[in-house]
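Student: Sharing my_file.cif, mmCIF, C-alpha atoms:
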```cif
data_structure
#
loop_
_atom_site.label_atom_id
_atom_site.label_comp_id
_atom_site.auth_asym_id
_atom_site.auth_seq_id
_atom_site.Cartn_x
_atom_site.Cartn_y
_atom_site.Cartn_z
CA MET A 145 -12.31 17.71 3.42
CA ASP A 146 -15.55 15.98 4.16
CA PRO A 147 -15.33 14.42 7.65
CA LEU A 148 -17.23 11.37 6.43
CA HIS A 149 -14.64 10.90 3.71
CA LEU A 150 -11.86 11.03 6.28
CA LYS A 151 -13.59 8.25 8.22
CA LYS A 152 -14.15 6.19 5.09
CA LEU A 153 -10.55 6.67 3.98
CA ASN A 154 -9.17 5.46 7.30
CA ALA A 155 -11.61 2.54 7.44
CA GLU A 156 -10.35 1.32 4.06
CA ARG A 157 -6.74 1.74 5.12
CA ARG A 158 -7.36 -0.21 8.33
CA THR A 159 -8.61 -3.18 6.31
CA ARG A 160 -5.65 -3.07 3.90
CA ARG A 161 -7.63 -2.01 0.84
CA ALA A 162 -6.27 0.44 -1.74
CA VAL A 163 -8.14 3.73 -1.60
CA MET A 164 -7.81 7.24 -3.01
CA LEU A 165 -8.94 10.70 -2.00
CA VAL A 166 -9.69 12.73 -5.11
CA THR A 167 -9.73 16.46 -4.38
CA ASP A 168 -10.80 19.16 -6.83
CA LEU A 169 -8.18 21.80 -6.04
CA GLY A 170 -10.42 24.46 -7.57
CA ASP A 171 -13.40 24.18 -5.22
CA GLY A 172 -11.97 21.92 -2.52
CA ARG A 173 -14.61 19.21 -2.95
CA ASP A 174 -13.43 15.64 -2.53
CA ARG A 175 -14.54 12.08 -3.01
CA ILE A 176 -13.35 8.63 -2.05
CA VAL A 177 -12.53 6.15 -4.80
CA ARG A 178 -11.76 2.53 -3.97
CA GLU A 179 -9.67 0.37 -6.25
CA GLY A 180 -12.04 -1.24 -8.73
CA ASP A 181 -14.68 1.53 -8.53
CA VAL A 182 -15.69 2.60 -12.00
CA VAL A 183 -14.81 6.21 -12.85
CA GLY A 184 -15.23 7.23 -16.48
CA GLY A 185 -13.25 9.48 -18.81
CA ALA A 186 -9.78 10.93 -18.54
CA LEU A 187 -10.08 11.25 -14.77
CA GLY A 188 -10.91 7.54 -14.51
CA GLU A 189 -7.85 6.68 -16.57
CA ALA A 190 -5.60 8.81 -14.38
CA ILE A 191 -7.13 7.19 -11.28
CA GLY A 192 -6.43 3.70 -12.64
CA GLU A 193 -2.84 4.61 -13.48
CA THR A 194 -2.30 6.14 -10.03
CA PHE A 195 -3.60 2.98 -8.31
CA ARG A 196 -1.16 0.91 -10.36
CA SER A 197 1.90 3.10 -9.80
CA GLY A 198 1.03 3.91 -6.19
CA ARG A 199 2.30 7.47 -6.71
CA SER A 200 0.09 10.40 -5.73
CA GLY A 201 -0.06 13.48 -7.93
CA SER A 202 -2.14 16.09 -9.71
CA VAL A 203 -4.00 15.68 -12.97
CA GLU A 204 -5.72 18.23 -15.17
CA VAL A 205 -9.01 17.23 -16.72
CA GLU A 206 -11.13 19.64 -18.76
CA GLY A 207 -9.53 22.68 -17.20
CA ARG A 208 -9.90 21.43 -13.62
CA THR A 209 -7.03 20.26 -11.44
CA PHE A 210 -7.55 17.21 -9.27
CA PHE A 211 -5.17 15.93 -6.63
CA LEU A 212 -5.14 12.15 -6.42
CA ASN A 213 -3.82 10.97 -3.07
CA VAL A 214 -3.52 7.22 -3.23
CA HIS A 215 -3.10 4.94 -0.22
CA ILE A 216 -1.77 1.55 -1.17
CA PRO A 217 -1.38 -1.11 1.52
CA HIS A 218 2.21 -2.13 2.08
CA PRO A 219 2.69 -5.29 -0.01
CA ARG A 220 3.27 -8.50 1.91
CA LEU A 221 4.92 -11.67 0.69
CA VAL A 222 4.03 -14.97 2.32
CA VAL A 223 6.40 -17.78 1.42
CA ILE A 224 5.36 -21.35 2.11
CA GLY A 225 8.61 -23.22 2.65
CA ALA A 226 11.74 -22.42 4.64
CA VAL A 227 13.99 -23.66 1.85
CA HIS A 228 17.22 -22.51 0.20
CA ILE A 229 15.34 -20.22 -2.26
CA SER A 230 13.57 -18.53 0.67
CA GLN A 231 16.91 -17.81 2.35
CA ALA A 232 18.00 -15.88 -0.74
CA LEU A 233 14.59 -14.31 -1.25
CA ALA A 234 14.26 -12.89 2.28
CA PRO A 235 16.92 -10.12 2.01
CA MET A 236 15.95 -9.33 -1.60
CA ALA A 237 12.26 -8.96 -0.78
CA LYS A 238 13.12 -6.67 2.11
CA LEU A 239 15.23 -4.45 -0.18
CA ALA A 240 12.37 -4.27 -2.67
CA GLY A 241 10.00 -3.12 0.09
CA PHE A 242 7.99 -6.27 0.79
CA ASP A 243 7.12 -7.46 4.27
CA MET A 244 8.05 -11.11 3.92
CA GLU A 245 7.15 -13.95 6.23
CA ILE A 246 7.80 -17.67 6.00
CA ILE A 247 5.54 -20.56 6.97
CA ASP A 248 6.84 -24.11 7.18
CA PRO A 249 5.76 -26.75 9.71
CA ARG A 250 9.05 -28.63 9.31
CA THR A 251 11.05 -27.32 12.25
CA ALA A 252 14.32 -28.60 10.80
CA PHE A 253 13.83 -26.16 7.94
CA ALA A 254 12.09 -23.35 9.80
CA SER A 255 14.82 -22.53 12.28
CA LYS A 256 15.97 -19.14 13.57
CA GLU A 257 19.54 -20.10 12.67
CA ARG A 258 18.65 -20.47 9.00
CA PHE A 259 16.37 -17.42 8.98
CA PRO A 260 17.63 -14.88 11.51
CA ASP A 261 16.02 -11.76 10.01
CA VAL A 262 12.56 -12.71 8.81
CA PRO A 263 9.29 -13.53 10.64
CA LEU A 264 9.12 -17.32 10.70
CA PHE A 265 6.18 -19.54 11.60
CA ALA A 266 7.05 -23.19 12.20
CA GLU A 267 3.43 -24.28 11.88
CA TRP A 268 1.03 -25.58 9.27
CA PRO A 269 -0.35 -22.91 6.88
CA GLU A 270 -3.87 -23.89 8.04
CA VAL A 271 -2.97 -22.69 11.54
CA VAL A 272 -0.94 -19.57 10.67
CA LEU A 273 -3.29 -18.20 8.00
CA LYS A 274 -6.20 -18.32 10.44
CA ASP A 275 -4.50 -15.66 12.60
CA ARG A 276 -2.72 -13.85 9.79
CA PRO A 277 -5.12 -13.96 6.86
CA LEU A 278 -4.06 -13.34 3.29
CA ASP A 279 -5.45 -10.37 1.35
CA THR A 280 -5.32 -8.86 -2.13
CA TYR A 281 -2.09 -6.97 -1.34
CA THR A 282 -0.32 -10.15 -0.38
CA ALA A 283 1.74 -12.32 -2.71
CA LEU A 284 1.99 -16.02 -1.97
CA ALA A 285 4.83 -18.22 -3.18
CA ALA A 286 4.64 -21.93 -2.37
CA VAL A 287 8.06 -23.52 -2.63
CA THR A 288 8.07 -26.63 -0.44
CA HIS A 289 7.33 -29.11 -3.26
CA ASP A 290 5.15 -30.90 -0.71
CA PRO A 291 1.40 -30.97 -1.52
CA LYS A 292 0.55 -31.52 2.15
CA ILE A 293 2.04 -28.11 2.93
CA ASP A 294 1.57 -26.14 -0.32
CA ASP A 295 -1.94 -27.07 -1.47
CA PHE A 296 -4.00 -25.55 1.34
CA ALA A 297 -2.09 -22.27 1.12
CA LEU A 298 -2.47 -22.11 -2.67
CA LYS A 299 -6.21 -22.69 -2.38
CA ALA A 300 -6.49 -19.97 0.28
CA ALA A 301 -4.46 -17.52 -1.85
CA LEU A 302 -6.63 -18.09 -4.92
CA GLU A 303 -9.86 -17.74 -2.94
CA THR A 304 -8.63 -14.52 -1.33
CA GLY A 305 -7.51 -13.02 -4.64
CA CYS A 306 -3.84 -12.52 -3.69
CA PHE A 307 -2.24 -10.30 -6.35
CA TYR A 308 0.33 -13.00 -7.00
CA VAL A 309 0.21 -16.76 -6.53
CA GLY A 310 3.22 -18.84 -7.54
CA ALA A 311 4.22 -22.45 -6.99
CA LEU A 312 7.54 -24.17 -7.49
CA GLY A 313 7.57 -27.25 -9.67
CA SER A 314 7.90 -28.54 -13.21
CA ARG A 315 5.01 -28.46 -15.66
CA LYS A 316 4.37 -32.13 -14.86
CA THR A 317 4.30 -31.46 -11.12
CA HIS A 318 1.99 -28.53 -11.74
CA ALA A 319 -0.40 -30.60 -13.84
CA SER A 320 -0.96 -33.01 -10.96
CA ARG A 321 -1.21 -30.04 -8.57
CA GLY A 322 -3.97 -28.65 -10.78
CA GLU A 323 -5.85 -31.94 -10.55
CA ARG A 324 -5.55 -31.97 -6.76
CA LEU A 325 -6.76 -28.37 -6.45
CA ALA A 326 -9.68 -29.09 -8.79
CA ALA A 327 -10.61 -32.03 -6.56
CA MET A 328 -10.54 -29.60 -3.61
CA GLY A 329 -13.13 -27.49 -5.43
CA VAL A 330 -10.91 -24.79 -6.95
CA GLY A 331 -12.15 -23.60 -10.35
CA ALA A 332 -10.12 -23.92 -13.54
CA GLU A 333 -9.85 -20.15 -13.96
CA ALA A 334 -8.40 -19.78 -10.48
CA ILE A 335 -5.93 -22.61 -11.05
CA ALA A 336 -4.79 -20.89 -14.25
CA ARG A 337 -3.78 -17.88 -12.14
CA ILE A 338 -0.96 -19.85 -10.49
CA HIS A 339 2.47 -18.97 -11.84
CA SER A 340 4.16 -22.32 -12.30
CA PRO A 341 6.93 -23.03 -13.10
CA ILE A 342 7.57 -20.15 -10.72
CA GLY A 343 9.44 -16.95 -11.64
CA LEU A 344 10.14 -14.98 -14.80
CA ASN A 345 11.94 -17.00 -17.43
CA ILE A 346 15.49 -15.65 -17.09
CA GLY A 347 17.18 -19.04 -17.15
CA ALA A 348 17.65 -18.97 -13.37
CA ALA A 349 19.68 -21.92 -12.11
CA SER A 350 20.85 -21.36 -8.52
CA PRO A 351 18.49 -20.77 -5.57
CA ALA A 352 19.50 -17.08 -5.49
CA GLU A 353 18.81 -16.70 -9.20
CA ILE A 354 15.42 -18.36 -8.81
CA ALA A 355 14.72 -15.90 -5.97
CA VAL A 356 15.48 -13.01 -8.37
CA ALA A 357 13.11 -14.50 -10.96
CA VAL A 358 10.35 -14.95 -8.37
CA LEU A 359 10.73 -11.44 -6.95
CA ALA A 360 10.71 -9.93 -10.46
CA GLN A 361 7.51 -11.79 -11.26
CA ILE A 362 5.91 -10.59 -8.03
CA ILE A 363 6.83 -6.97 -8.85
CA GLN A 364 5.44 -7.40 -12.35
CA ALA A 365 2.16 -8.68 -10.89
CA LEU A 366 2.01 -5.83 -8.36
CA ARG A 367 2.62 -3.09 -10.96
CA SER A 368 0.23 -4.47 -13.55
CA ARG A 369 -2.70 -5.06 -11.17
CA GLY A 370 -6.04 -4.74 -12.88
CA MET A 371 -4.60 -4.33 -16.37
CA ALA A 372 -5.47 -7.80 -17.63
CA GLU A 373 -9.02 -7.41 -16.32
CA THR A 374 -9.43 -4.10 -18.14
CA LYS A 375 -8.32 -5.72 -21.38
CA GLY A 376 -10.76 -8.54 -20.81
CA GLU A 377 -13.65 -6.12 -20.34
CA ALA A 378 -12.79 -4.20 -23.48
CA ALA A 379 -12.66 -7.31 -25.65
CA MET B 619 -7.88 3.36 21.39
CA GLU B 620 -8.69 0.78 18.81
CA THR B 621 -5.68 -1.22 17.71
CA ASN B 622 -4.91 -2.09 14.14
CA ALA B 623 -1.99 -4.03 12.76
CA TYR B 624 -1.89 -2.07 9.52
CA LEU B 625 -2.35 1.50 10.67
CA ASP B 626 -0.20 3.03 13.38
CA GLU B 627 -3.07 4.74 15.21
CA SER B 628 -0.79 6.73 17.50
CA ARG B 629 1.37 8.17 14.69
CA ASP B 630 -0.67 8.19 11.50
CA PRO B 631 -1.73 11.81 10.80
CA LEU B 632 -5.06 10.90 9.20
CA ALA B 633 -5.95 8.56 12.07
CA ILE B 634 -5.08 11.35 14.50
CA ALA B 635 -7.20 13.85 12.52
CA GLU B 636 -10.14 11.45 12.73
CA ARG B 637 -9.68 11.05 16.46
CA TRP B 638 -9.45 14.81 16.99
CA MET B 639 -12.65 15.20 14.97
CA SER B 640 -14.52 12.72 17.13
CA ASP B 641 -13.20 14.56 20.20
CA GLY B 642 -15.04 17.61 18.84
CA LYS B 643 -11.93 19.53 17.80
CA GLU B 644 -11.64 21.65 14.70
CA VAL B 645 -9.04 20.23 12.39
CA ALA B 646 -7.11 21.23 9.28
CA ILE B 647 -5.18 18.89 7.03
CA ALA B 648 -2.13 20.06 5.07
CA THR B 649 -1.01 17.90 2.16
CA VAL B 650 2.09 18.05 -0.03
CA VAL B 651 0.60 18.16 -3.54
CA GLU B 652 3.70 18.93 -5.60
CA THR B 653 7.46 18.88 -5.14
CA TRP B 654 10.41 20.03 -7.23
CA GLY B 655 14.05 19.24 -6.60
CA SER B 656 15.13 17.68 -3.34
CA ALA B 657 11.97 17.90 -1.27
CA PRO B 658 12.20 16.15 2.09
CA ARG B 659 8.67 14.66 2.13
CA PRO B 660 6.96 13.00 -0.82
CA VAL B 661 3.74 14.12 -2.51
CA GLY B 662 0.78 12.98 -0.43
CA SER B 663 2.44 13.56 2.97
CA HIS B 664 0.25 15.08 5.66
CA LEU B 665 0.50 17.51 8.55
CA VAL B 666 -2.65 17.74 10.67
CA ILE B 667 -3.37 20.76 12.84
CA ASP B 668 -6.08 21.58 15.39
CA ALA B 669 -7.48 24.99 16.29
CA ASP B 670 -5.10 25.26 19.27
CA GLY B 671 -2.07 24.77 17.06
CA ASN B 672 -1.38 21.17 18.07
CA PHE B 673 0.05 19.26 15.12
CA GLU B 674 1.15 15.80 14.00
CA GLY B 675 2.91 14.54 10.89
CA SER B 676 5.04 16.59 8.51
CA VAL B 677 5.16 18.23 5.10
CA SER B 678 8.90 18.99 5.16
CA GLY B 679 11.88 18.24 7.30
CA GLY B 680 10.56 20.71 9.85
CA CYS B 681 11.50 23.81 7.81
CA VAL B 682 8.08 25.11 6.85
CA GLU B 683 5.78 23.49 9.41
CA GLY B 684 5.63 26.67 11.49
CA ALA B 685 4.32 28.70 8.55
CA VAL B 686 1.83 25.97 7.58
CA ILE B 687 0.47 25.79 11.13
CA ALA B 688 -0.03 29.58 11.18
CA GLU B 689 -1.93 29.44 7.88
CA ALA B 690 -3.95 26.44 9.09
CA THR B 691 -5.32 28.48 11.98
CA ASP B 692 -6.77 30.94 9.44
CA VAL B 693 -8.09 28.11 7.28
CA ILE B 694 -9.87 26.60 10.29
CA GLU B 695 -11.51 29.98 10.97
CA SER B 696 -12.51 30.81 7.41
CA GLY B 697 -13.17 27.31 6.11
CA LYS B 698 -11.53 28.30 2.83
CA PRO B 699 -8.74 26.04 1.58
CA ARG B 700 -5.38 27.58 0.67
CA MET B 701 -2.50 26.60 -1.57
CA LEU B 702 0.90 27.46 -0.12
CA GLU B 703 4.17 27.39 -1.98
CA PHE B 704 7.60 27.25 -0.44
CA GLY B 705 10.90 27.38 -2.28
CA VAL B 706 14.32 28.93 -2.29
CA ALA B 707 13.24 31.65 -4.73
CA ASP B 708 10.45 32.60 -2.40
CA GLU B 709 11.00 35.30 0.19
CA THR B 710 8.88 33.40 2.72
CA ALA B 711 10.98 30.33 2.18
CA TRP B 712 14.13 32.26 2.98
CA ARG B 713 12.45 33.39 6.13
CA VAL B 714 11.18 29.97 7.18
CA GLY B 715 14.19 28.26 5.64
CA LEU B 716 13.58 25.43 3.19
CA SER B 717 17.27 24.69 3.35
CA CYS B 718 17.23 21.61 1.16
CA GLY B 719 16.94 23.75 -1.97
CA GLY B 720 13.72 22.13 -3.12
CA ARG B 721 10.30 23.62 -3.66
CA ILE B 722 6.99 22.32 -2.37
CA LYS B 723 3.32 23.12 -2.77
CA VAL B 724 1.10 22.46 0.24
CA TYR B 725 -2.69 22.38 0.17
CA VAL B 726 -4.33 23.30 3.47
CA GLU B 727 -8.02 22.55 4.07
CA ARG B 728 -10.40 22.35 6.97
CA VAL B 729 -12.10 19.07 7.80
CA GLY B 730 -15.82 19.75 7.63
#
```
Let me see the structure of the file written as structure tokens.

Tutor:
Amino acid sequence: MDPLHLKKLNAERRTRRAVMLVTDLGDGRDRIVREGDVVGGALGEAIGETFRSGRSGSVEVEGRTFFLNVHIPHPRLVVIGAVHISQALAPMAKLAGFDMEIIDPRTAFASKERFPDVPLFAEWPEVVLKDRPLDTYTALAAVTHDPKIDDFALKAALETGCFYVGALGSRKTHASRGERLAAMGVGAEAIARIHSPIGLNIGAASPAEIAVAVLAQIIQALRSRGMAETKGEAA
Amino acid sequence: METNAYLDESRDPLAIAERWMSDGKEVAIATVVETWGSAPRPVGSHLVIDADGNFEGSVSGGCVEGAVIAEATDVIESGKPRMLEFGVADETAWRVGLSCGGRIKVYVERVG
């Protein structure tokens, strides 16, 4: 392995970016591929698929065997709002392998008693996100219903390119949210990325059911990363 | 040591390999590239070895590490990567004892 590639690989991993070491098992030569780098042909397709699935493995291309070792940052889930849905979502997200944290400045909601097992920040998103910035391997779900709390976080998530951005609220609520975000300088395309009403449409009624719908939608977004963009380029 | 919230610098095999490199040590990296049956460590797992036989990480539940480390010493000397295979049908595996019943393929290469 090229020592420079080892350094590059670790540097990418330290900054929570998805990266892959592609090794030709025939001659031992390797290269670093970052998510989004353009690699053509059958190898490129296999690389794209491996980034999406997150599972390392070998691939044969034109009689050569390549080992694709993919390093995907552990997905995080930042929930704005220490509400009933978040209480149900916390254990589910943990089971599904997400590092979840909750931000809500309302101390009556954000209490250790209500959330014993999840990192909880009883502060404004503006304050918390400064120390714990969002990134592309973070999902953000805003569920307070309060623009004062949700809007800043949504704007930050869209600007960062979080792989999932969702917001609780009816279509009507979301329409006025869109107007507020536009007034804050967020583009129409970015606003269209917000999943709202939040969650897959499974007819969820109770807070726990809504949590299932939200988590399913987050997983869908995580496992289909980059696919919509590829389609867009081809068209 | 530099601290990072997302990479456990003291435990991560690739971070350790990088540190050993910058300390001027010769290093080999072993990687699980294929598994069949009930293999204890998933594809992509690493064991890193230096020329003195120090090692960190794992490619199995401890069953075949000894054999991999011995091979790694040769790989460090020759610079030529090697593909090792361990399984229950394999005489070596009986000797080193991959007791889980699975089979694994481990690629060993020198850094640099």

Student: May I ask which of the residues A:Leu165, A:Leu187, A:Val182, A:Ala332 is the closest one to chain B, counting all atoms listed in the file?

Tutor: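 That would be A:Leu165, the residue with the smallest distance to chain B.
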
Student: With only C-alpha atoms considered, list every residue of chain B at most 6 Å from chain A, as a list in words.

Tutor: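 Every residue of chain B that passes the 6 Å test is in Tyr624, Leu625, Gly662, Val729 and Gly730 of chain B.
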
Student: I'd like to see the residues matched by the PyMOL selection byres ((chain B and resi 669) around 6) on this file, and ideally I'd get them as a list in words.

Tutor: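 Going through the file, the PyMOL selection byres ((chain B and resi 669) around 6) ends up selecting Glu644, Asp668, Asp670, Gly671 and Thr691 of chain B.
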
Student: Evaluated on this file, the PyMOL selection byres ((chain B and resi 638) around 12) picks out some residues - which ones are they, written as a ChimeraX atom specification?

Tutor: /A:147,150-151 /B:628,631-637,639-647,666-670,672-674,729

Student: For CA of Ala286 in chain A and CA of Leu312 in chain A, quote the distance in Å rounded to one decimal.

Tutor: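 Going from CA of Ala286 in chain A over to CA of Leu312 in chain A covers 6.3 Å.
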
Student: What residues come out when you apply the PyMOL selection byres ((chain A and resi 250) around 9) to this file, written as a PyMOL selection string?

Tutor: chain A and resi 225-226+248-249+251-255+266-268

Student: Skipping near chain neighbours, those fewer than 2 positions away, what residues fall within 6 Å of Glu245 in chain A using all atoms listed in the file, listed as an MDAnalysis selection string?

Tutor: chainID A and resid 222 263:264

Student: Work out how far CA of Phe307 in chain A is from CA of Ile216 in chain A, in Å to one decimal.

Tutor: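 Interatomic distance, CA of Ile216 in chain A to CA of Phe307 in chain A: 12.9 Å.
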
Student: Give me, as a list in words, all polymer residues having an atom no more than 10 Å from His228 in chain A, counting all atoms listed in the file and skipping those fewer than 2 positions away in the same chain.

Tutor: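 Here the answer would be Gly225, Ala226, Ser230, Gln231, Ala232, Leu233, Phe253, Arg258, Val287, Ser350, Pro351, Ala352 and Ala355 of chain A.
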
Student: Grab the CA of Gly329 in chain A to CA of Arg276 in chain A distance for me, in Å with one decimal place.

Tutor: 22.9 Å

Student: Between B:Val651, B:Gly720, B:Asp630, B:Ser676, which has the minimum distance to Thr209 in chain A (counting all atoms listed in the file)?

Tutor: B:Val651

Student: Choose the residue, out of B:Ser656, B:Arg721, B:Asp626, B:Glu683, that has the smallest atom-to-atom separation from Glu703 in chain B; count all atoms listed in the file.

Tutor: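 Smallest distance to Glu703 in chain B is found for B:Arg721.
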
Student: Mind listing whatever residues come within 10 Å of the point (12.4, -10.6, 3.1)? Use only C-alpha atoms, file coordinates, and give them as a list in words.

Tutor: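 So the residues meeting the distance criterion are Arg220, Leu221, Val222, Val223, Ser230, Gln231, Ala232, Leu233, Ala234, Pro235, Met236, Ala237, Lys238, Leu239, Ala240, Gly241, Phe242, Asp243, Met244, Glu245, Ile246, Phe259, Asp261, Val262 and Pro263 of chain A.
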
Student: With all atoms listed in the file as the atoms that count, which of A:Gly185, A:Gly180, A:Gly198, A:Gly331 lies nearest to Pro219 in chain A?

Tutor: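 When distances to Pro219 in chain A are compared using all atoms listed in the file, the smallest one comes from A:Gly198.
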
Student: Using all atoms listed in the file, which residues sit within 7 Å of Lys723 in chain B once same-chain residues fewer than 5 positions away are excluded, as a list of chain:residue names?

Tutor: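 My reading of the contact set: B:Val650, B:Val651, B:Glu652, B:Thr653, B:Met701, B:Leu702, B:Glu703, B:Phe704.
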
Student: So that I can see what lies close to Ala365 in chain A, please list as a list in words the residues with an atom at most 10 Å from it, counting all atoms listed in the file and leaving out residues fewer than 4 positions away in the same chain.

Tutor: Ala283, Phe307, Tyr308, Val309, Leu359, Ala360, Gln361, Arg369, Gly370 and Met371 of chain A

Student: Give the answer as one residue: which of A:Gly188, A:Gly207, A:Gly343, A:Pro269 has the shortest atom-to-atom distance to Phe296 in chain A, using only C-alpha atoms?

Tutor: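 Between A:Gly188, A:Gly207, A:Gly343, A:Pro269, the residue approaching Phe296 in chain A most closely is A:Pro269.
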
Student: For Val177 in chain A, please output as a list in words all residues within 8 Å (counting all atoms listed in the file; exclusion window: fewer than 5 positions along the same chain).

Tutor: Val163, Met164, Leu165 and Val166 of chain A

Student: Check the smallest atom-to-atom distance from each of A:Val205, A:Ala357, A:Ile229, A:Ala319 to Ala336 in chain A using all atoms listed in the file, then report the winner.

Tutor: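 The closest residue to Ala336 in chain A is A:Ala319.
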